[in-house]
file entry_38.cif (mmCIF, C-alpha atoms)
data_model
loop_
_atom_site.label_atom_id
_atom_site.label_comp_id
_atom_site.auth_asym_id
_atom_site.auth_seq_id
_atom_site.Cartn_x
_atom_site.Cartn_y
_atom_site.Cartn_z
CA ILE G 11 105.65 123.80 92.13
CA SER G 12 104.10 123.46 95.56
CA ARG G 13 104.43 125.06 98.94
CA ILE G 14 103.99 123.47 102.35
CA GLN G 15 103.38 125.88 105.18
CA THR G 16 103.03 125.47 108.91
CA VAL G 17 102.80 128.08 111.62
CA SER G 18 106.58 128.09 112.05
CA ALA G 19 108.03 127.21 108.63
CA LYS G 20 107.50 127.28 104.86
CA MET G 21 108.90 124.90 102.25
CA LEU G 22 108.81 125.50 98.50
CA ILE G 23 108.99 122.39 96.31
CA LEU G 24 110.29 123.25 92.84
CA SER G 25 109.97 119.69 91.47
CA ASP G 26 110.71 119.51 87.75
CA ALA G 27 109.93 123.11 86.89
CA GLY G 28 112.30 124.57 84.33
CA ALA G 29 114.44 127.66 84.86
CA ASP G 30 112.18 129.89 82.76
CA GLN G 31 109.09 128.97 84.76
CA ILE G 32 110.84 129.47 88.08
CA GLU G 33 112.38 132.80 87.04
CA HIS G 34 108.95 133.99 85.90
CA MET G 35 107.46 132.87 89.21
CA ALA G 36 110.17 134.75 91.15
CA VAL G 37 109.39 137.98 89.28
CA ILE G 38 105.60 137.66 89.53
CA TRP G 39 105.30 136.40 93.12
CA GLY G 40 108.26 138.21 94.69
CA ASN G 41 108.28 137.96 98.48
CA TYR G 42 105.39 135.47 98.47
CA ILE G 43 107.78 132.66 97.44
CA ARG G 44 110.13 133.32 100.36
CA SER G 45 110.53 130.07 102.24
CA ASP G 46 112.68 128.66 105.02
CA MET G 47 113.37 125.53 102.96
CA CYS G 48 113.11 124.46 99.35
CA GLN G 49 113.61 121.37 97.28
CA ALA G 50 116.19 122.04 94.56
CA SER G 51 114.86 122.40 91.04
CA LYS G 52 115.00 119.21 88.94
CA ASN G 53 116.63 117.47 91.87
CA GLY G 54 119.50 119.93 91.70
CA ARG G 55 120.41 119.11 88.13
CA GLY G 56 118.42 121.90 86.52
CA ASP G 57 119.72 125.14 85.15
CA CYS G 58 117.91 127.21 87.75
CA PRO G 59 119.97 130.37 88.35
CA VAL G 60 121.17 131.33 91.81
CA ALA G 61 119.02 134.50 91.58
CA VAL G 62 115.92 132.35 92.01
CA TYR G 63 117.29 130.88 95.24
CA LYS G 64 118.10 134.42 96.37
CA ALA G 65 114.41 135.27 95.84
CA ILE G 66 113.29 132.18 97.76
CA HIS G 67 115.75 132.94 100.57
CA PRO G 68 115.96 129.37 101.98
CA ASN G 69 118.22 128.41 104.87
CA ILE G 70 117.93 124.73 103.96
CA VAL G 71 117.85 123.15 100.50
CA TRP G 72 116.52 119.61 100.11
CA TYR G 73 118.35 117.89 97.25
CA THR G 74 116.99 114.49 96.25
CA CYS G 75 119.36 112.21 94.39
CA LYS G 76 120.01 108.63 93.47
CA SER G 77 123.66 107.86 93.84
CA GLU G 78 126.11 105.80 95.75
CA ILE G 79 127.06 107.16 99.14
CA GLU G 80 130.64 107.59 97.92
CA ASP G 81 129.50 110.21 95.38
CA PHE G 82 127.82 112.38 98.03
CA SER G 83 130.96 114.29 98.98
CA GLU G 84 131.56 115.37 95.36
CA LYS G 85 127.94 116.51 95.06
CA ALA G 86 128.18 118.30 98.38
CA VAL G 87 131.22 120.32 97.35
CA ALA G 88 129.65 121.34 94.02
CA ALA G 89 126.27 122.18 95.55
CA LEU G 90 127.75 124.14 98.44
CA GLU G 91 129.80 126.16 95.95
CA PHE G 92 126.67 126.95 93.92
CA PHE G 93 124.38 127.73 96.84
CA LYS G 94 126.87 129.82 98.79
CA ASN G 95 126.27 132.49 96.14
CA SER G 96 122.65 132.75 97.27
CA LYS G 97 123.96 134.07 100.62
CA TYR G 98 121.10 132.44 102.52
CA VAL G 99 121.59 128.67 102.27
CA ASP G 100 123.26 127.25 105.38
CA TYR G 101 122.62 123.55 104.88
CA ILE G 102 121.90 121.16 102.04
CA PHE G 103 120.22 117.83 102.73
CA PHE G 104 121.06 115.28 100.02
CA HIS G 105 118.53 112.49 100.30
CA ASP G 106 119.03 109.17 98.55
CA SER G 107 115.85 107.13 99.06
CA GLU G 108 117.24 104.18 97.11
CA ASN G 109 120.16 103.70 99.50
CA LYS G 110 118.19 105.04 102.47
CA ALA G 111 120.76 107.65 103.39
CA THR G 112 120.91 111.39 103.88
CA LEU G 113 123.98 113.57 103.78
CA VAL G 114 123.80 116.90 105.56
CA ALA G 115 126.26 119.44 104.17
CA GLY G 116 126.90 122.89 105.54
CA ASN G 117 129.32 125.17 107.29
CA GLY G 118 132.29 123.27 105.88
CA TYR G 119 131.32 119.77 106.94
CA TRP G 120 129.12 116.88 105.95
CA HIS G 121 127.59 114.01 107.84
CA ILE G 122 125.98 110.85 106.45
CA ASP G 123 123.00 109.36 108.25
CA LYS G 124 122.25 105.88 106.88
CA ASN G 125 119.18 105.44 109.06
CA VAL G 126 116.98 108.04 107.35
CA VAL G 127 114.19 106.54 105.27
#
call {"tool": "encode", "arguments": {"input": "entry_38.cif", "output": "structure tokens"}}
result
Amino acid sequence: ISRIQTVSAKMLILSDAGADQIEHMAVIWGNYIRSDMCQASKNGRGDCPVAVYKAIHPNIVWYTCKSEIEDFSEKAVAALEFFKNSKYVDYIFFHDSENKATLVAGNGYWHIDKNVV
């Protein structure tokens, strides 16, 4: 777990931390883990509960994945459904470095940018 911080923004990177570790961190560190952005736990496939994302309070979730572009819309619908329960997440950035594409999902729409590296 890492955090990148600038003067204007904070990003929490959850990497491959398991749900137990992240829940423990949320209890111990409280408001300190609040961040504007975070990378989804285990690339979004983990069992991290929505309560952890409520503690982090991100507006943007970075979700790395390796999939075909056609699968992005299914992932977007499922992820938006999960993250809407956090009440803070506005956008999810699905990034597929293998296919060099990013899908931005939020506020009922998604957009694929195939030029992002």
call {"tool": "atom_distance", "arguments": {"input": "entry_38.cif", "atom1": "atom CA of G:Gln31", "atom2": "atom CA of G:Ala115"}}
result
27.6 Å
call {"tool": "residues_near_point", "arguments": {"input": "entry_38.cif", "point": "(125.1, 128.0, 107.2)", "cutoff": "10 Å", "atoms": "all atoms listed in the file", "output": "ChimeraX atom specification"}}
result
/G:69-70,90,94,97-102,115-118
call {"tool": "residues_around", "arguments": {"input": "entry_38.cif", "residues": "G:Asp30", "least_positions_apart": "5", "cutoff": "10 Å", "atoms": "all atoms listed in the file", "output": "ChimeraX atom specification"}}
result
/G:35-36,57-59
call {"tool": "closest_residue", "arguments": {"input": "entry_38.cif", "among": "G:Ile32, G:Val37, G:Cys75, G:Cys48", "to": "G:Lys20", "atoms": "all atoms listed in the file"}}
result
G:Cys48
call {"tool": "resolve_selection", "arguments": {"input": "entry_38.cif", "expression": "the PyMOL selection byres ((chain G and resi 15) around 12)", "output": "list in words"}}
result
Ser12, Arg13, Ile14, Thr16, Val17, Ser18, Ala19, Lys20, Met21, Leu22, Ile23, Tyr42, Ile43, Arg44, Ser45, Asp46, Met47 and Cys48 of chain G
call {"tool": "closest_residue", "arguments": {"input": "entry_38.cif", "among": "G:Gly28, G:Ala65, G:Glu91, G:Thr74", "to": "G:Glu108", "atoms": "only C-alpha atoms"}}
result
G:Thr74
call {"tool": "closest_residue", "arguments": {"input": "entry_38.cif", "among": "G:His105, G:Val114, G:Asp26, G:Ser96", "to": "G:Val62", "atoms": "all atoms listed in the file"}}
result
G:Ser96
call {"tool": "closest_residue", "arguments": {"input": "entry_38.cif", "among": "G:Val71, G:Ile38, G:Ile11, G:Ala29", "to": "G:Phe93", "atoms": "only C-alpha atoms"}}
result
G:Val71
